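Peer 1: Below you will find the structure I want to go over with you.
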Amino acid sequence: MAEMTYSRLQSTISLIGFLVLVVGGGLAIGMVTGPDEWFARLTKPSVNPPNWLFAPVWTSLYVMIAIAGWRIRQNGSSGARNKLLWWLQLALNFIWSPIFFVAHRIDLALAVIVLLLVSIIVFIARNLNGDRVAAFLFVPYALWVAFATSLNYALLRLNPAA
């Protein structure tokens, strides 16, 4: 009984760690590198959502990303490639905002977000026959990043000199 409780405690601590890393890291990056005057001056596509929508959407997605990562870590049979894919998508996710909002590199940000979308899709495909819950947790993420990719592309086309 004590062993089961200890294992459950370890699992809970691990989940909390993933949530702090992903949600905390994502929100911190968003606060530090969020939209500025440069972004406000850009010509936006008609489908550009209001700025207030991004925080709740990303917070929800970050919770799902964290749970998927925790599940992959907990599942000993998930394999090193799935774990690597999870870390790769997180790194690409976290570097997009500084590239776009701080460096003002819409073009480079587009390359990063395309790689992010590919890594998410590959993660989903690789986990459909393994941890289906982790795979399905990434579906809303893939949809949002596909939409964000189209926004990034539209911003590049509408603001070629930015």
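Residue names in the structure tokens use chain letters A, B, ... in the order shown, residue numbers from 1 in each chain, and ligand numbers from 1 in the order shown.
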Using only C-alpha atoms, which residues sit within 12 Å of Ser46 in chain A once same-chain residues fewer than 5 positions away are excluded, as a list in words?

Peer 2: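 My reading of the contact set: Ser150, Leu151, Ala154, Leu155 and Leu158 of chain A.
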
Peer 1: Step one, run DSSP on the backbone; step two, keep only residues of range 35-110 of chain A assigned to helix (DSSP H, G or I); then write them as a PyMOL selection string.

Peer 2: chain A and resi 37-41+51-74+80-102+106-110

Peer 1: Quick one: residues within 9 Å of Phe123 in chain A, only C-alpha atoms counted, chain neighbours fewer than 2 positions away excluded, as a list of chain:residue names?

Peer 2: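 In the requested form, the answer reads A:Asn82, A:Leu85, A:Trp86, A:Gln89, A:Val118, A:Ser119, A:Ile120, A:Ile121, A:Ala125, A:Arg126, A:Asn127, A:Leu128, A:Ala134, A:Ala135, A:Phe138.
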
Peer 1: Show me, as a list in words, the residues that have an atom within 12 Å of Val23 in chain A when counting only C-alpha atoms, minus same-chain residues fewer than 3 positions from it.

Peer 2: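 So, after excluding close chain neighbours, the residues are Leu15, Ile16, Gly17, Phe18, Leu19, Val20, Gly26, Leu27, Ala28, Ile29, Gly30, Ala55, Pro56, Val57, Trp58, Thr59, Ser60, Leu61, Tyr62, Val63, Met64, Ile65, Ala66, Ile67, Leu90, Asn93 and Phe94 of chain A.
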
Peer 1: Under the rule that only C-alpha atoms are counted, which of A:Ile13, A:Ile72, A:Leu21, A:Ile113 is the nearest residue to Thr149 in chain A?

Peer 2: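 Using only C-alpha atoms, the shortest distance to Thr149 in chain A belongs to A:Ile113.
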
Peer 1: Can you pull out the residues contacting Ser14 in chain A? Cut-off 10 Å, using only C-alpha atoms, and skip same-chain residues under 6 positions away; I want them as a ChimeraX atom specification.

Peer 2: /A:8,20,70-71,73-74

Peer 1: Ranking A:Ser11, A:Val112, A:Val47, A:Gly69 by minimum distance to Val133 in chain A and counting only C-alpha atoms, which one comes first?

Peer 2: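 Of the candidates, the smallest distance to Val133 in chain A is held by A:Gly69.
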
Peer 1: When you draw a straight line from CA of Leu108 in chain A to CA of Phe136 in chain A, how long is it in Å?

Peer 2: 28.7 Å

Peer 1: Could you please determine the separation between CA of Ala162 in chain A and CA of Trp38 in chain A in Å, to one decimal place?

Peer 2: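 Here the two named atoms are 8.6 Å from each other.
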
Peer 1: For a test of reading the model, state the distance in Å between CA of Ala148 in chain A and CA of Asp131 in chain A, rounded to one decimal.

Peer 2: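 Rounded to one decimal, the two atoms are 26.0 Å apart.
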
Peer 1: Can you work out which one of A:Val102, A:Ala161, A:Arg41, A:Arg132 has the shortest atom-to-atom distance to Asn75 in chain A, counting only C-alpha atoms?

Peer 2: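 With only C-alpha atoms as the atom set, the closest residue is A:Arg132.
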
Peer 1: Find, counting only C-alpha atoms, the residue in A:Thr33, A:Leu156, A:Gln10, A:Gly25 that gets nearest to Pro98 in chain A.

Peer 2: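 Of the candidates, the smallest distance to Pro98 in chain A is held by A:Thr33.
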
Peer 1: Nearest residue to Val145 in chain A out of A:Trp96, A:Ala80, A:Asp36, A:Ile106, using only C-alpha atoms?

Peer 2: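 Looking only at the distances to Val145 in chain A, the closest residue turns out to be A:Trp96.
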
Peer 1: Taking into account only C-alpha atoms, which residue in the set A:Ala91, A:Ala146, A:Gly130, A:Phe39 is nearest to Gly79 in chain A?

Peer 2: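 Selected residue with least distance to Gly79 in chain A: A:Gly130.
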